[in-house]
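**Student:** Okay, handing you the structure first.
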Amino acid sequence: MDSPALLEVQRALRASLVADDDAPAARHVFPAGRLEVYRNTFAGVLVNALRLSYPAVQKLVGEAFFEGAARAFIAGHPPASACLDDYGAAFPEFLAAFSPASSLAYLSDVARLEWAVCRALHARDAEALDPRCLAPLDGKERGRLRFVAHPAVSLLEVRYPAHLIWRAVLGGDDATLSEIDLESGDALLLVERRESGVEVTRLPEPEWRFASALFARRPLYAAIDEAGDFDAARSLAAHLAAGRFVAYLLG
């Protein structure tokens, strides 16, 4: 009997681990007991990856509930790559539709924030745009500026005060957690990696609209129009000083 090709074996093992289909692997004489060990190890690794990305969510629901939710998620969302840092992007949407968590309406917003924090932590390093390079541009050119956001910076709109819940849960501050008003309205958040770690800042609506337009690479004049009655020059200067852009385009 010819030995199976490596790719064939890999595909058979993937079918067993990801789809619970042991038939292809059985043809390559993998004992059923060994396949179950591999499958449990595979699931355990993915559950642990989700724990690392969503520590506040786990604290909110407890370890046993989190593991059950994570395993249910894994069953329908196998990893698309070998990089575990990239695994779990769909977990917030899964939690929003997960009926056992329906009483925790804010849970998916906390998860969305944690994923943004995770992305900021793992984003590649990039040199910030030097504001002095904008000095030679004339007024018309400056209006056409399109900025390229730093990969470790993002904006997030959530229905619940996820940033307050996140900080209180990770800080073990039960007193603050009990005082959070879940009906305080939408939170418009800036998530960024700084030298001290990841910071989450709640922005006023005009400032968030302005930043959202800039980060979407809309022309500066359009971002100013969308922000309305707002000190755009001050806000732009703050973004540049904080290193939230890495390049600019004209057009």
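Starting from 1 in every chain, residues are counted up; chains themselves are A, B, ... following the order of the structure tokens, and ligands are numbered from 1 as listed.
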Determine, counting only C-alpha atoms, which protein, DNA and RNA residues have an atom within 12 Å of an atom of Arg51 of chain A; residues of the same chain fewer than 4 positions away are not included. Present the result as a ChimeraX atom specification.
**Tutor:** /A:44-47,55-59,61-71,84-85,87-88,91,111,114-115,118
**Student:** Could you turn the residues from that selection into a file that holds C-alpha atoms, as an mmCIF file, in the first residue's frame?
**Tutor:**
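As written to disk, result-v9.cif reads:
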```cif
data_model
loop_
_atom_site.group_PDB
_atom_site.id
_atom_site.type_symbol
_atom_site.label_atom_id
_atom_site.label_comp_id
_atom_site.auth_asym_id
_atom_site.auth_seq_id
_atom_site.Cartn_x
_atom_site.Cartn_y
_atom_site.Cartn_z
ATOM 1 C CA GLY A 44 -8.249 23.537 24.383
ATOM 2 C CA VAL A 45 -5.683 25.634 22.527
ATOM 3 C CA LEU A 46 -8.430 27.675 20.848
ATOM 4 C CA VAL A 47 -10.335 28.171 24.112
ATOM 5 C CA PRO A 55 -10.276 38.411 29.744
ATOM 6 C CA ALA A 56 -13.027 40.824 30.837
ATOM 7 C CA VAL A 57 -15.717 38.751 29.124
ATOM 8 C CA GLN A 58 -14.499 35.668 30.995
ATOM 9 C CA LYS A 59 -14.570 37.525 34.318
ATOM 10 C CA VAL A 61 -19.557 35.317 32.881
ATOM 11 C CA GLY A 62 -17.294 33.017 34.872
ATOM 12 C CA GLU A 63 -14.813 30.399 33.694
ATOM 13 C CA ALA A 64 -17.283 27.539 33.162
ATOM 14 C CA PHE A 65 -19.754 29.640 31.162
ATOM 15 C CA PHE A 66 -16.942 31.141 29.101
ATOM 16 C CA GLU A 67 -15.527 27.731 28.202
ATOM 17 C CA GLY A 68 -18.945 26.489 27.144
ATOM 18 C CA ALA A 69 -19.520 29.568 24.986
ATOM 19 C CA ALA A 70 -16.017 29.321 23.551
ATOM 20 C CA ARG A 71 -16.444 25.671 22.578
ATOM 21 C CA LEU A 84 -3.764 32.371 17.083
ATOM 22 C CA ASP A 85 -3.492 36.150 17.551
ATOM 23 C CA TYR A 87 -8.452 34.005 16.033
ATOM 24 C CA GLY A 88 -11.711 35.185 17.576
ATOM 25 C CA PHE A 91 -16.685 36.139 18.902
ATOM 26 C CA ALA A 111 -16.146 41.776 23.613
ATOM 27 C CA GLU A 114 -11.595 43.719 23.910
ATOM 28 C CA TRP A 115 -11.043 42.677 20.293
ATOM 29 C CA CYS A 118 -6.260 42.959 21.184
#
```
**Student:** Tell me, as a list in words, which residues lie within 12 Å of Arg218 of chain A, counting only C-alpha atoms; anything in the same chain fewer than 6 positions away does not count.
**Tutor:**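 Here the qualifying residues turn out to be Gly143, Arg144, Leu145, Arg146, Phe147, Val148, Ala149, Arg209, Phe210, Ala211, Ser212, Ile224, Asp225, Glu226, Tyr248, Leu249, Leu250 and Gly251 of chain A.
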**Student:** Quick one: everything within 10 Å of Arg202 of chain A, counting only C-alpha atoms, minus sequence neighbours fewer than 5 positions away in the same chain. Send it as a list in words.
**Tutor:** Leu155, Leu156, Glu157, Pro161, His163, Leu164, Ala187, Leu188, Leu189, Leu190, Val191, Glu207 and Trp208 of chain A
**Student:** For the selection you just gave me, I'd like the residues written to a file as an mmCIF file, in the first residue's frame, keeping C-alpha atoms.
**Tutor:**
```
data_model
loop_
_atom_site.group_PDB
_atom_site.id
_atom_site.type_symbol
_atom_site.label_atom_id
_atom_site.label_comp_id
_atom_site.auth_asym_id
_atom_site.auth_seq_id
_atom_site.Cartn_x
_atom_site.Cartn_y
_atom_site.Cartn_z
ATOM 1 C CA LEU A 155 -12.481 53.816 16.505
ATOM 2 C CA LEU A 156 -15.399 51.942 18.020
ATOM 3 C CA GLU A 157 -19.067 52.803 18.545
ATOM 4 C CA PRO A 161 -20.489 51.904 28.314
ATOM 5 C CA HIS A 163 -15.061 51.035 28.381
ATOM 6 C CA LEU A 164 -16.261 51.585 31.951
ATOM 7 C CA ALA A 187 -20.100 55.396 23.688
ATOM 8 C CA LEU A 188 -17.791 56.626 20.932
ATOM 9 C CA LEU A 189 -14.326 55.283 21.661
ATOM 10 C CA LEU A 190 -10.768 55.767 20.452
ATOM 11 C CA VAL A 191 -8.538 52.722 20.990
ATOM 12 C CA GLU A 207 -14.578 64.825 17.596
ATOM 13 C CA TRP A 208 -15.422 61.190 16.903
#
```
**Student:** Once DSSP has gone over the backbone, tell me which residues of segment 156-247 of chain A are in helix (DSSP H, G or I), as a short mmCIF file (atom, residue, chain, number, x, y, z; two decimals) with C-alpha atoms, in the first residue's frame.
**Tutor:**
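result.cif, written as the output of this step:
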```cif
data_model
loop_
_atom_site.label_atom_id
_atom_site.label_comp_id
_atom_site.auth_asym_id
_atom_site.auth_seq_id
_atom_site.Cartn_x
_atom_site.Cartn_y
_atom_site.Cartn_z
CA ALA A 162 -18.17 49.01 27.50
CA HIS A 163 -15.06 51.04 28.38
CA LEU A 164 -16.26 51.59 31.95
CA ILE A 165 -17.28 47.94 32.37
CA TRP A 166 -13.97 46.75 30.90
CA ARG A 167 -11.86 48.90 33.24
CA ALA A 168 -13.88 48.03 36.33
CA VAL A 169 -13.88 44.29 35.64
CA LEU A 170 -10.15 44.04 34.90
CA ASP A 174 -16.88 45.99 42.05
CA ALA A 175 -18.04 49.28 43.58
CA THR A 176 -17.54 51.16 40.32
CA LEU A 177 -19.03 48.29 38.34
CA SER A 178 -22.23 48.39 40.41
CA GLU A 179 -22.64 52.14 39.75
CA GLU A 205 -19.57 63.09 19.02
CA PRO A 206 -18.14 65.90 16.81
CA GLU A 207 -14.58 64.83 17.60
CA TRP A 208 -15.42 61.19 16.90
CA ARG A 209 -17.08 62.07 13.57
CA PHE A 210 -14.02 64.09 12.58
CA ALA A 211 -11.63 61.28 13.56
CA SER A 212 -13.82 58.70 11.83
CA ALA A 213 -13.67 60.64 8.57
CA LEU A 214 -9.91 61.10 8.84
CA PHE A 215 -9.25 57.44 9.66
CA LEU A 220 -9.54 66.94 5.28
CA TYR A 221 -12.10 69.44 3.93
CA ALA A 222 -14.79 66.70 3.97
CA ALA A 223 -13.86 65.64 7.51
CA ILE A 224 -14.19 69.24 8.68
CA ASP A 225 -17.61 69.55 7.03
CA GLU A 226 -18.83 66.33 8.65
CA ALA A 227 -17.68 67.43 12.11
CA ALA A 232 -10.91 70.80 13.74
CA ALA A 233 -7.48 72.45 13.74
CA ARG A 234 -6.97 71.70 17.44
CA SER A 235 -8.17 68.12 17.02
CA LEU A 236 -5.96 67.49 13.98
CA ALA A 237 -2.96 68.88 15.84
CA ALA A 238 -3.70 66.49 18.73
CA HIS A 239 -3.92 63.50 16.37
CA LEU A 240 -0.61 64.43 14.74
CA ALA A 241 1.10 65.01 18.09
#
```
**Student:** Mind the document's chain letters and residue numbers, and return as a CSV table (one decimal) with N, CA and C atoms, in the first residue's frame the residues of segment 16-247 of chain A that DSSP labels strand (DSSP E or B).
**Tutor:**
```csv
chain,number,residue,atom,x,y,z
A,145,LEU,N,-5.8,66.8,1.8
A,145,LEU,CA,-5.1,65.8,2.5
A,145,LEU,C,-5.9,64.6,2.9
A,146,ARG,N,-5.4,63.4,2.7
A,146,ARG,CA,-6.0,62.2,3.2
A,146,ARG,C,-5.0,61.5,4.1
A,147,PHE,N,-5.3,61.2,5.3
A,147,PHE,CA,-4.3,60.6,6.3
A,147,PHE,C,-4.5,59.1,6.4
A,148,VAL,N,-3.3,58.4,6.5
A,148,VAL,CA,-3.3,57.0,6.7
A,148,VAL,C,-3.1,56.7,8.2
A,149,ALA,N,-4.1,56.1,8.8
A,149,ALA,CA,-4.1,55.9,10.3
A,149,ALA,C,-3.0,54.9,10.7
A,153,VAL,N,-4.3,52.0,15.9
A,153,VAL,CA,-5.4,53.0,16.3
A,153,VAL,C,-6.7,52.6,15.6
A,154,SER,N,-7.8,52.6,16.4
A,154,SER,CA,-9.1,52.4,15.8
A,154,SER,C,-10.1,53.1,16.5
A,155,LEU,N,-11.3,53.2,15.9
A,155,LEU,CA,-12.5,53.8,16.5
A,155,LEU,C,-13.6,52.8,16.7
A,156,LEU,N,-14.4,52.9,17.7
A,156,LEU,CA,-15.4,51.9,18.0
A,156,LEU,C,-16.6,52.7,18.6
A,157,GLU,N,-17.8,52.3,18.0
A,157,GLU,CA,-19.1,52.8,18.5
A,157,GLU,C,-19.8,51.7,19.2
A,158,VAL,N,-20.2,51.8,20.5
A,158,VAL,CA,-20.9,50.8,21.2
A,158,VAL,C,-22.1,51.3,21.9
A,187,ALA,N,-21.5,54.9,23.4
A,187,ALA,CA,-20.1,55.4,23.7
A,187,ALA,C,-19.3,55.4,22.4
A,188,LEU,N,-18.6,56.5,22.1
A,188,LEU,CA,-17.8,56.6,20.9
A,188,LEU,C,-16.3,56.6,21.4
A,189,LEU,N,-15.6,55.6,21.0
A,189,LEU,CA,-14.3,55.3,21.7
A,189,LEU,C,-13.2,55.3,20.7
A,190,LEU,N,-12.0,55.8,21.2
A,190,LEU,CA,-10.8,55.8,20.5
A,190,LEU,C,-9.9,54.8,21.2
A,191,VAL,N,-9.4,53.8,20.4
A,191,VAL,CA,-8.5,52.7,21.0
A,191,VAL,C,-7.2,52.9,20.3
A,192,GLU,N,-6.1,53.0,21.1
A,192,GLU,CA,-4.8,53.1,20.6
A,192,GLU,C,-3.7,52.5,21.5
A,193,ARG,N,-2.6,52.2,20.9
A,193,ARG,CA,-1.5,51.7,21.7
A,193,ARG,C,-0.5,52.8,21.9
A,194,ARG,N,-0.2,53.0,23.2
A,194,ARG,CA,0.7,54.0,23.5
A,194,ARG,C,1.9,53.3,24.2
A,197,GLY,N,1.0,51.3,27.1
A,197,GLY,CA,0.0,50.2,26.9
A,197,GLY,C,-1.2,50.7,26.0
A,198,VAL,N,-2.2,49.9,26.0
A,198,VAL,CA,-3.4,50.3,25.2
A,198,VAL,C,-4.3,51.3,26.0
A,199,GLU,N,-4.7,52.4,25.4
A,199,GLU,CA,-5.5,53.3,26.0
A,199,GLU,C,-6.9,53.4,25.3
A,200,VAL,N,-7.9,53.6,26.1
A,200,VAL,CA,-9.3,53.7,25.5
A,200,VAL,C,-9.9,55.0,26.0
A,201,THR,N,-10.2,55.9,25.0
A,201,THR,CA,-10.7,57.2,25.4
A,201,THR,C,-12.1,57.4,24.8
A,202,ARG,N,-13.0,57.9,25.6
A,202,ARG,CA,-14.4,58.3,25.0
A,202,ARG,C,-14.3,59.7,24.4
A,245,PHE,N,-1.2,59.0,12.8
A,245,PHE,CA,-1.1,58.8,11.4
A,245,PHE,C,0.3,58.4,11.0
A,246,VAL,N,0.4,57.7,9.9
A,246,VAL,CA,1.7,57.2,9.5
A,246,VAL,C,2.1,57.8,8.1
A,247,ALA,N,1.1,58.3,7.4
A,247,ALA,CA,1.4,58.9,6.0
A,247,ALA,C,0.3,59.7,5.6
```
**Student:** Looking at only C-alpha atoms, which of A:Leu121, A:Pro204, A:Asn48, A:His150 is the one that sits closest to Ala216 of chain A?
**Tutor:**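 Closest to Ala216 of chain A of all the choices is A:His150.
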**Student:** If you measure from atom CA of Arg132 of chain A to atom CA of Ser196 of chain A, what distance in Å do you get, rounded to one decimal?
**Tutor:**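 Separating atom CA of Arg132 of chain A from atom CA of Ser196 of chain A is a distance of 25.3 Å.
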**Student:** Between A:Ala43, A:Ile180, A:Leu52, A:Ala128, single out the one closest to Ile74 of chain A, counting only C-alpha atoms.
**Tutor:**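 Closest candidate: A:Ala43.
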**Student:** At what distance in Å, to one decimal, does atom CA of Pro151 of chain A lie from atom CA of Asp186 of chain A?
**Tutor:**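 These atoms are spaced 24.4 Å apart.
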**Student:** Between atom CA of Glu141 of chain A and atom CA of Arg217 of chain A, measure the distance and give it in Å to one decimal.
**Tutor:**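 Here the two named atoms are 14.7 Å from each other.
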